[in-house]
file my_file_6.txt (compact mmCIF, C-alpha atoms)
# COMPACT_ATOMS: atom_id res chain seq x y z
CA MET C 1 116.04 80.68 55.88
CA SER C 2 117.52 82.64 58.77
CA PHE C 3 118.33 81.40 62.23
CA SER C 4 119.96 83.36 65.00
CA THR C 5 120.38 83.13 68.77
CA SER C 6 122.72 86.08 69.03
CA ARG C 7 122.59 88.80 71.66
CA ASN C 8 120.35 91.14 69.70
CA ARG C 9 118.46 88.93 67.26
CA LEU C 10 115.61 86.47 67.34
CA CYS C 11 114.49 83.92 64.77
CA ALA C 12 111.85 84.38 62.10
CA TYR C 13 110.82 81.92 59.37
CA CYS C 14 108.34 82.96 56.72
CA ASN C 15 109.17 80.85 53.70
CA ALA C 16 107.04 77.73 53.30
CA GLY C 17 109.78 75.93 51.36
CA ASP C 18 112.34 76.46 54.11
CA PHE C 19 109.99 75.78 57.00
CA ALA C 20 110.53 72.02 57.07
CA ARG C 21 114.33 72.42 57.06
CA ALA C 22 114.06 75.01 59.83
CA ALA C 23 111.96 72.71 61.99
CA THR C 24 114.35 69.82 61.36
CA ARG C 25 117.31 71.93 62.40
CA MET C 26 115.54 73.00 65.57
CA ARG C 27 114.66 69.41 66.47
CA ARG C 28 118.30 68.45 65.93
CA MET C 29 119.30 71.23 68.30
CA LEU C 30 116.85 69.90 70.86
CA HIS C 31 118.30 66.42 70.51
CA ASN C 32 121.89 67.58 70.87
CA GLY C 33 121.15 70.38 73.32
CA VAL C 34 121.22 74.07 72.44
CA LYS C 35 123.52 74.59 75.40
CA SER C 36 125.30 71.94 77.41
CA SER C 37 123.63 73.27 80.56
CA MET C 38 120.09 73.19 79.17
CA SER C 39 117.75 71.39 81.55
CA ARG C 40 115.13 68.85 80.59
CA SER C 41 112.36 71.25 81.53
CA ILE C 42 113.65 73.82 79.03
CA GLN C 43 113.89 71.18 76.32
CA GLY C 44 110.30 70.24 77.08
CA GLY C 45 109.28 73.88 76.76
CA LEU C 46 110.95 74.15 73.35
CA ARG C 47 109.25 70.97 72.19
CA GLU C 48 105.98 72.53 73.28
CA ILE C 49 106.67 75.53 71.05
CA LEU C 50 107.41 73.23 68.12
CA GLY C 51 104.30 71.17 68.65
CA ASN C 52 101.77 73.79 69.66
CA GLN C 53 102.94 77.13 68.30
CA ILE C 54 104.70 76.74 64.96
CA GLY C 55 102.25 74.16 63.65
CA PRO C 56 99.07 76.27 63.98
CA VAL C 57 100.80 79.43 62.78
CA GLU C 58 102.23 77.68 59.72
CA SER C 59 98.92 77.74 57.88
CA ARG C 60 98.38 81.48 58.45
CA SER C 61 101.21 83.34 56.75
CA LEU C 62 104.04 81.45 55.11
CA ASN C 63 104.16 83.36 51.87
CA THR C 64 107.16 85.66 52.09
CA ALA C 65 110.90 85.34 52.23
CA ALA C 66 112.60 84.71 55.54
CA PHE C 67 113.85 87.68 57.50
CA VAL C 68 115.38 88.42 60.86
CA ILE C 69 113.72 90.98 63.16
CA PRO C 70 115.97 93.01 65.45
CA LYS C 71 114.91 92.74 69.06
CA ALA C 72 114.49 96.52 69.33
CA ASP C 73 111.96 96.48 66.49
CA PHE C 74 110.08 93.49 67.88
CA PHE C 75 109.13 95.35 71.06
CA GLN C 76 107.82 98.54 69.51
CA SER C 77 104.95 99.43 67.25
CA ASN C 78 106.16 99.17 63.66
CA GLU C 79 103.62 99.32 60.86
CA GLU C 80 106.02 97.80 58.34
CA LEU C 81 106.74 94.82 60.52
CA SER C 82 103.13 94.31 61.60
CA SER C 83 101.96 94.33 57.97
CA ARG C 84 104.40 91.62 56.83
CA PRO C 85 103.20 88.02 57.26
CA LYS C 86 105.64 86.24 59.54
CA VAL C 87 106.18 83.31 61.84
CA LEU C 88 108.39 83.90 64.85
CA VAL C 89 110.33 81.08 66.44
CA ARG C 90 110.32 82.38 70.01
CA LEU C 91 113.02 80.26 71.61
CA PHE C 92 113.86 83.07 73.99
CA SER C 93 110.50 82.74 75.72
CA HIS C 94 111.50 79.47 77.38
CA THR C 95 115.20 79.85 78.06
CA SER C 96 117.16 82.87 79.15
CA SER C 97 120.32 81.42 77.59
CA LEU C 98 118.86 82.31 74.18
CA TRP C 99 117.85 85.81 75.25
CA HIS C 100 120.97 87.22 76.82
CA SER C 101 119.71 90.71 77.51
CA SER C 102 116.55 89.73 79.42
CA PRO C 103 116.37 90.51 83.14
CA SER C 104 116.32 86.82 83.93
CA SER C 105 119.51 86.03 82.05
CA SER C 106 122.04 87.72 84.25
CA PRO C 107 124.73 85.31 85.39
CA GLY C 108 124.52 83.90 88.87
CA LYS C 109 123.03 81.10 90.88
CA ALA C 110 119.56 80.00 89.80
CA PRO C 111 116.74 80.62 92.29
CA SER C 112 115.88 77.76 94.63
CA ALA C 113 112.90 75.53 93.91
CA PHE C 114 111.06 77.11 96.84
CA LYS C 115 111.60 80.64 95.53
CA SER C 116 110.61 79.61 92.01
CA HIS C 117 107.35 78.11 93.24
CA LEU C 118 106.75 81.15 95.44
CA GLN C 119 106.96 83.34 92.33
CA LEU C 120 104.19 81.27 90.74
CA GLY C 121 101.79 82.83 93.21
CA LYS C 122 102.67 86.43 92.14
CA PRO C 123 103.61 87.50 95.70
CA LYS C 124 102.99 91.24 95.20
CA LEU C 125 99.54 90.72 93.70
CA THR C 126 98.68 88.15 96.36
CA ALA C 127 99.82 90.55 99.10
CA LEU C 128 97.46 93.21 97.73
CA ILE C 129 94.57 90.74 97.66
CA VAL C 130 95.28 89.64 101.23
CA LEU C 131 95.46 93.29 102.30
CA SER C 132 92.04 94.05 100.83
CA THR C 133 90.55 90.96 102.50
CA MET C 134 92.07 91.63 105.92
CA SER C 135 91.18 95.32 105.89
CA THR C 136 87.57 94.50 105.02
CA TYR C 137 87.50 92.03 107.89
CA ALA C 138 88.56 94.87 110.18
CA ILE C 139 86.16 97.41 108.64
CA THR C 140 83.04 95.22 108.88
CA PRO C 141 80.76 96.72 111.57
CA ASP C 142 81.47 94.90 114.84
CA GLN C 143 81.52 96.57 118.24
CA SER C 144 84.09 94.05 119.48
CA HIS C 145 86.74 96.22 117.81
CA ALA C 146 85.85 99.34 119.82
CA ILE C 147 88.79 101.01 121.53
CA GLY C 148 88.40 101.28 125.31
CA ALA C 149 85.38 98.97 125.48
CA ALA C 150 85.20 96.70 128.49
CA ALA C 151 86.32 93.18 127.66
CA ALA C 152 83.56 91.72 129.81
CA SER C 153 80.78 93.40 127.87
CA LEU C 154 82.01 92.79 124.33
CA PRO C 155 83.37 89.66 122.59
CA VAL C 156 87.06 89.50 121.68
CA PRO C 157 87.84 89.47 117.93
CA SER C 158 88.79 86.04 116.69
CA LEU C 159 92.47 86.04 115.80
CA TRP C 160 92.14 82.43 114.65
CA THR C 161 89.50 83.42 112.12
CA LEU C 162 91.75 86.21 110.85
CA LEU C 163 94.68 83.80 110.64
CA PHE C 164 92.73 81.21 108.63
CA LEU C 165 91.31 83.98 106.45
CA THR C 166 94.80 85.27 105.67
CA ILE C 167 96.23 81.82 104.92
CA GLY C 168 93.23 80.73 102.87
CA THR C 169 93.16 83.93 100.82
CA ALA C 170 96.90 83.80 100.12
CA PHE C 171 96.81 80.14 99.05
CA THR C 172 93.75 80.43 96.81
CA SER C 173 95.20 83.57 95.19
CA ALA C 174 98.48 81.75 94.57
CA SER C 175 96.54 78.85 93.04
CA ALA C 176 94.73 81.09 90.54
CA ASN C 177 97.94 82.88 89.61
CA ALA C 178 99.84 79.62 89.08
CA VAL C 179 97.19 78.34 86.66
CA ASN C 180 97.32 81.65 84.83
CA MET C 181 101.11 81.32 84.38
CA ALA C 182 100.86 77.67 83.35
CA ARG C 183 98.45 78.59 80.55
CA GLU C 184 100.47 81.47 79.11
CA PRO C 185 104.23 80.75 79.19
CA VAL C 186 104.79 81.39 75.47
CA TYR C 187 102.93 84.69 75.51
CA ASP C 188 104.51 85.78 78.79
CA GLY C 189 107.88 85.34 77.12
CA MET C 190 107.00 88.03 74.59
CA MET C 191 106.56 90.79 77.17
CA SER C 192 109.21 92.55 79.21
CA ARG C 193 107.08 92.68 82.38
CA THR C 194 106.41 88.92 82.37
CA ARG C 195 109.55 87.53 80.72
CA SER C 196 111.22 86.75 84.05
CA ARG C 197 108.44 84.52 85.35
CA PRO C 198 109.59 81.05 86.48
CA ILE C 199 107.86 79.00 83.76
CA VAL C 200 109.15 81.31 81.03
CA ARG C 201 112.69 80.90 82.37
CA GLY C 202 112.37 77.13 82.51
CA LEU C 203 112.72 77.01 86.31
CA VAL C 204 109.31 75.36 86.68
CA SER C 205 107.39 73.35 84.10
CA PRO C 206 103.71 74.00 83.34
CA ARG C 207 102.85 70.59 84.78
CA GLN C 208 104.64 71.43 88.03
CA ALA C 209 102.78 74.73 88.14
CA ILE C 210 99.44 72.95 87.80
CA ARG C 211 100.37 70.58 90.63
CA PHE C 212 101.33 73.58 92.75
CA ALA C 213 98.01 75.25 91.91
CA ILE C 214 96.01 72.16 92.89
CA LEU C 215 97.86 71.82 96.20
CA THR C 216 97.54 75.49 97.16
CA GLY C 217 93.94 75.68 95.96
CA ILE C 218 92.83 72.71 98.05
CA THR C 219 94.81 73.90 101.08
CA GLY C 220 93.46 77.43 100.85
CA ALA C 221 89.85 76.38 100.32
CA ALA C 222 90.10 73.94 103.24
CA ALA C 223 91.53 76.65 105.51
CA LEU C 224 88.62 78.92 104.67
CA TYR C 225 86.00 76.18 104.95
CA PHE C 226 87.11 74.78 108.32
CA GLY C 227 88.64 77.93 109.81
CA VAL C 228 86.23 80.62 108.60
CA ASN C 229 82.91 79.60 107.01
CA THR C 230 81.41 77.94 103.95
CA GLU C 231 80.41 81.22 102.29
CA THR C 232 83.95 82.61 102.32
CA ALA C 233 85.39 79.34 100.99
CA ALA C 234 82.83 79.30 98.16
CA LEU C 235 83.74 82.87 97.17
CA ALA C 236 87.42 81.90 97.02
CA VAL C 237 86.74 78.88 94.78
CA ILE C 238 84.57 81.01 92.49
CA ASN C 239 87.40 83.52 92.22
CA ILE C 240 89.89 80.82 91.19
CA ALA C 241 87.52 79.73 88.42
CA LEU C 242 86.93 83.32 87.26
CA TYR C 243 90.61 84.29 87.16
CA ALA C 244 92.25 81.06 85.99
CA GLY C 245 89.41 80.11 83.67
CA LEU C 246 87.27 82.90 82.26
CA TYR C 247 89.61 85.88 82.64
CA THR C 248 92.71 84.09 81.31
CA SER C 249 90.77 82.79 78.29
CA MET C 250 89.22 86.17 77.51
CA LYS C 251 92.58 87.96 77.48
CA ARG C 252 93.14 86.80 73.90
CA THR C 253 89.59 87.28 72.64
CA SER C 254 88.01 90.46 74.02
CA ILE C 255 88.89 93.71 75.76
CA MET C 256 86.07 92.86 78.18
CA ASN C 257 88.60 90.69 80.00
CA THR C 258 89.50 93.78 82.04
CA TRP C 259 85.93 94.02 83.35
CA VAL C 260 85.97 90.34 84.28
CA GLY C 261 89.32 90.86 86.01
CA ALA C 262 87.76 93.73 87.97
CA VAL C 263 85.08 91.35 89.27
CA VAL C 264 87.88 89.06 90.46
CA GLY C 265 89.35 91.98 92.38
CA ALA C 266 85.98 92.83 93.94
CA ILE C 267 85.44 89.40 95.52
CA PRO C 268 88.17 89.49 98.25
CA PRO C 269 86.40 92.34 100.13
CA LEU C 270 83.24 90.22 100.17
CA MET C 271 85.32 87.37 101.60
CA GLY C 272 86.58 89.60 104.41
CA TRP C 273 83.07 90.90 105.11
CA SER C 274 81.65 87.37 105.25
CA ALA C 275 84.49 86.13 107.46
CA ALA C 276 83.71 88.88 109.99
CA GLY C 277 80.12 87.68 110.22
CA GLY C 278 78.62 90.37 108.01
CA SER C 279 75.75 89.66 105.64
CA LEU C 280 76.43 89.85 101.91
CA MET C 281 73.02 91.50 101.60
CA ASP C 282 74.36 94.54 103.45
CA PRO C 283 74.86 97.52 101.08
CA GLY C 284 78.09 98.36 102.92
CA ALA C 285 79.64 95.12 101.70
CA TRP C 286 78.89 96.05 98.11
CA CYS C 287 80.26 99.55 98.56
CA LEU C 288 83.58 97.97 99.57
CA ALA C 289 83.40 95.50 96.69
CA GLY C 290 82.53 98.36 94.33
CA LEU C 291 85.51 100.33 95.60
CA LEU C 292 87.90 97.50 94.70
CA TYR C 293 86.08 96.93 91.40
CA ALA C 294 86.37 100.57 90.35
CA TRP C 295 90.01 100.81 91.45
CA GLN C 296 91.05 98.07 89.01
CA PHE C 297 90.48 100.32 85.99
CA PRO C 298 92.74 103.30 86.71
CA HIS C 299 95.32 100.85 88.05
CA PHE C 300 95.42 98.35 85.18
CA ASN C 301 94.58 100.74 82.34
CA ALA C 302 97.50 102.90 83.41
CA LEU C 303 99.76 99.86 83.80
CA SER C 304 98.96 98.47 80.35
CA TYR C 305 99.28 101.71 78.36
CA PRO C 306 103.11 102.09 78.38
CA VAL C 307 103.50 98.45 77.24
CA ARG C 308 100.50 98.39 74.90
CA ASP C 309 102.62 97.40 71.90
CA GLU C 310 103.93 94.36 73.77
CA TYR C 311 100.37 93.32 74.59
CA LYS C 312 99.52 93.70 70.92
CA MET C 313 102.48 91.63 69.71
CA ALA C 314 101.68 88.93 72.26
CA GLY C 315 98.08 88.78 71.05
CA TYR C 316 96.40 90.04 74.21
CA MET C 317 93.21 92.01 73.56
CA MET C 318 93.61 95.12 75.69
CA ALA C 319 91.87 98.47 75.38
CA ALA C 320 95.27 100.15 75.83
CA TRP C 321 96.14 99.36 72.19
CA ALA C 322 92.75 98.45 70.69
CA ASN C 323 91.12 101.72 71.80
CA PRO C 324 93.45 104.05 73.73
CA GLN C 325 90.76 106.74 74.06
CA LEU C 326 88.35 104.27 75.67
CA ASN C 327 91.15 102.99 77.88
CA ALA C 328 91.81 106.47 79.31
CA ARG C 329 88.12 107.37 79.50
CA VAL C 330 87.29 104.26 81.51
CA ALA C 331 90.20 104.95 83.87
CA LEU C 332 88.82 108.45 84.53
CA ARG C 333 85.22 107.28 84.83
CA TYR C 334 85.95 104.71 87.52
CA SER C 335 88.36 107.01 89.34
CA VAL C 336 85.46 109.43 89.78
CA ALA C 337 83.13 106.57 90.80
CA ILE C 338 85.32 105.80 93.81
CA ILE C 339 84.25 109.06 95.50
CA PRO C 340 80.50 108.25 95.83
CA LEU C 341 81.38 104.69 96.83
CA CYS C 342 83.35 106.09 99.78
CA VAL C 343 80.39 108.31 100.65
CA GLY C 344 78.25 105.17 100.59
CA LEU C 345 80.46 103.60 103.28
CA TRP C 346 79.50 106.48 105.59
CA TYR C 347 75.85 106.50 104.51
CA TYR C 348 75.39 102.79 105.25
CA GLY C 349 77.05 103.01 108.64
CA VAL C 350 80.42 101.43 107.93
CA THR C 351 82.52 104.53 108.69
CA ASP C 352 82.01 107.88 110.43
CA TRP C 353 81.47 111.14 108.55
CA MET C 354 85.13 112.17 108.81
CA PHE C 355 86.03 109.37 106.42
CA VAL C 356 84.18 111.20 103.63
CA ALA C 357 86.39 114.24 104.05
CA ASP C 358 89.68 112.36 104.41
CA SER C 359 89.08 109.88 101.59
CA THR C 360 87.94 112.63 99.20
CA VAL C 361 91.36 114.26 99.44
CA VAL C 362 93.10 111.02 98.47
CA ASN C 363 90.53 110.18 95.79
CA ALA C 364 90.81 113.67 94.28
CA TRP C 365 94.53 112.99 93.81
CA LEU C 366 93.66 109.87 91.81
CA VAL C 367 91.00 111.69 89.78
CA ALA C 368 93.42 114.51 88.92
CA CYS C 369 95.99 112.04 87.56
CA ALA C 370 93.30 110.11 85.67
CA TYR C 371 92.04 113.36 84.14
CA LYS C 372 95.55 114.25 82.97
CA PHE C 373 95.89 110.78 81.42
CA TRP C 374 92.51 111.10 79.68
CA LYS C 375 93.36 114.57 78.41
CA GLU C 376 96.58 113.28 76.81
CA CYS C 377 94.76 110.39 75.10
CA ARG C 378 91.48 111.95 73.98
CA GLY C 379 92.70 113.06 70.54
CA THR C 380 93.14 110.90 67.47
CA VAL C 381 96.84 110.77 68.24
CA ALA C 382 97.90 110.47 71.86
CA GLY C 383 99.86 113.38 73.28
CA LYS C 384 103.56 113.18 73.99
CA GLY C 385 102.93 113.04 77.72
CA ALA C 386 100.42 110.16 77.61
CA THR C 387 102.91 107.50 78.65
CA ALA C 388 104.30 109.64 81.47
CA SER C 389 100.74 110.39 82.64
CA ALA C 390 99.91 106.68 82.60
CA ARG C 391 102.92 105.82 84.73
CA ARG C 392 102.05 108.60 87.18
CA LEU C 393 98.45 107.35 87.44
CA PHE C 394 99.67 103.79 88.02
CA TRP C 395 101.89 104.78 90.95
CA VAL C 396 99.21 107.03 92.45
CA SER C 397 96.79 104.08 92.34
CA ILE C 398 99.36 101.97 94.21
CA TRP C 399 99.28 104.48 97.09
CA GLN C 400 95.63 105.49 96.88
CA LEU C 401 94.03 102.12 97.61
CA PRO C 402 95.97 101.31 100.81
CA ALA C 403 95.43 104.88 101.97
CA VAL C 404 91.65 104.66 101.55
CA LEU C 405 91.48 101.25 103.26
CA VAL C 406 93.58 102.46 106.20
CA LEU C 407 91.40 105.57 106.52
CA ALA C 408 88.29 103.38 106.52
CA MET C 409 89.75 101.33 109.37
CA ILE C 410 90.65 104.47 111.31
CA HIS C 411 87.19 105.95 110.79
CA LYS C 412 85.25 102.75 111.38
CA ARG C 413 81.85 103.55 112.87
CA GLY C 414 81.94 103.09 116.62
CA LEU C 415 85.67 102.48 116.79
CA TRP C 416 86.37 105.42 119.08
CA ASP C 417 83.25 105.21 121.25
CA GLY C 418 85.09 103.62 124.17
CA MET C 419 87.42 106.61 124.40
CA PHE C 420 84.63 108.73 125.98
CA GLU C 421 82.68 106.17 128.00
CA ASP C 422 84.65 106.39 131.26
CA GLN C 423 84.31 110.17 131.64
CA TYR C 424 81.08 110.99 129.87
CA GLY C 425 79.09 107.81 130.13
CA ASP C 426 77.52 105.86 127.29
CA MET C 427 78.09 108.14 124.33
CA THR C 428 78.73 107.64 120.63
CA ALA C 429 81.40 109.31 118.53
CA SER C 430 78.67 111.35 116.87
CA GLY C 431 78.21 113.17 120.19
CA ALA C 432 81.76 114.49 120.27
CA GLU C 433 80.58 117.96 119.28
CA GLU C 434 78.26 118.10 122.32
CA VAL C 435 81.18 117.22 124.59
CA ILE C 436 83.25 120.07 123.14
CA GLU C 437 80.35 122.51 123.62
CA GLU C 438 79.99 121.46 127.28
CA LEU C 439 83.68 122.08 127.85
CA TYR C 440 83.41 125.60 126.43
CA GLU C 441 80.32 126.36 128.54
CA THR C 442 82.17 125.19 131.66
CA GLU C 443 84.99 127.59 130.94
call {"tool": "encode", "arguments": {"input": "my_file_6.txt", "output": "structure tokens"}}
result
Amino acid sequence: MSFSTSRNRLCAYCNAGDFARAATRMRRMLHNGVKSSMSRSIQGGLREILGNQIGPVESRSLNTAAFVIPKADFFQSNEELSSRPKVLVRLFSHTSSLWHSSPSSSPGKAPSAFKSHLQLGKPKLTALIVLSTMSTYAITPDQSHAIGAAAASLPVPSLWTLLFLTIGTAFTSASANAVNMAREPVYDGMMSRTRSRPIVRGLVSPRQAIRFAILTGITGAAALYFGVNTETAALAVINIALYAGLYTSMKRTSIMNTWVGAVVGAIPPLMGWSAAGGSLMDPGAWCLAGLLYAWQFPHFNALSYPVRDEYKMAGYMMAAWANPQLNARVALRYSVAIIPLCVGLWYYGVTDWMFVADSTVVNAWLVACAYKFWKECRGTVAGKGATASARRLFWVSIWQLPAVLVLAMIHKRGLWDGMFEDQYGDMTASGAEEVIEELYETE
């Protein structure tokens, strides 16, 4: 039996005869305290590992001698290691004091309770969701947004509706993310990109996260129901169920979880469209939803590829490791699909024709990076530049989506009509060419 909590080792028990003694020793450590500063929440997390993780795994592969896996080997693809039956005692996934080199283990004052709970909502992801909802609210055809229009002739946009939409979207997104974290603390602890999450570090318990999710979910849904409309609130509740329920469950069973996650990303634009008074039967609404749906694939497929081995070790079914060629091909396919979806926004009267030209330049940038990524991955063995291409595609996707949404707001159909009304009368932006011709004839 081997047991280690050193700076560069983690524990592994694979001998059935020694397993009982190992578990007894761990329970004794829990009783006495692994560290004098260990909190009750961390002890509870370790007990959860003992009760829920080691037990089920025990019956799978306890037929070899015990061995210790170096941390460097654990987080890389290693055929020898992956072929050896093993049971890993992942103490490090619930307490940074047992994983000294993790980002969360640097010495210093622990984050406040407020900051820890704020992290449960995945602030960066929530900000992106709020951005897509708010921008769609602004893009939805509505002459009240026209620049230069007389206030007496057109209604003023409802800032209160926008405020409730923003609050409701942020809270319901935080609720879904908190449930997701509460369901996966052990597996999050196995990956570098999720190891610093508050539940993994023992700053918040799974039960506290669920309470936080319930509070934010109810608050967000209420804000949307009373401050916006029933349809928008219903879409938000459906999204919580899809993300926290179906998507989180599918992550460990099928690579189709990515497609379900893309549906989750496509719903916020529909919320913004509905909040602005638009009909969900309007094709323009579905072009915006399709844009966000398609964007998920180059973004996430590129994000998951460099850490595909960590996803594999954690047991997450992702195309990045299960089928790298499919992963890159899907990223390219949906990158290309974004171009006709942007054309559809012009065709169905959401934007003016200039949006097609401007957005195509940005979308071509995304397609070029996706093509390079696909080209590196299309062979039996991925090229040396595949990881670099994936990272480049990921960062391009981070810039491409906000750029397209901002361009859609700038080129909103009818937005600039009021600029010409005072001098040239009641004229649409589509008549700008006629104005220019008249000016030349006058000269």
call {"tool": "closest_residue", "arguments": {"input": "my_file_6.txt", "among": "C:Ser249, C:Ala234, C:Thr219, C:Arg201", "to": "Arg183 of chain C", "atoms": "only C-alpha atoms"}}
result
C:Ser249
call {"tool": "residues_around", "arguments": {"input": "my_file_6.txt", "residues": "Thr126 of chain C", "least_positions_apart": "5", "cutoff": "9 Å", "atoms": "only C-alpha atoms", "output": "ChimeraX atom specification"}}
result
/C:121,131,169-171,173-174,177
call {"tool": "atom_distance", "arguments": {"input": "my_file_6.txt", "atom1": "atom CA of Met191 of chain C", "atom2": "atom CA of Thr248 of chain C"}}
result
15.9 Å
call {"tool": "atom_distance", "arguments": {"input": "my_file_6.txt", "atom1": "atom CA of Leu165 of chain C", "atom2": "atom CA of Gln296 of chain C"}}
result
22.4 Å
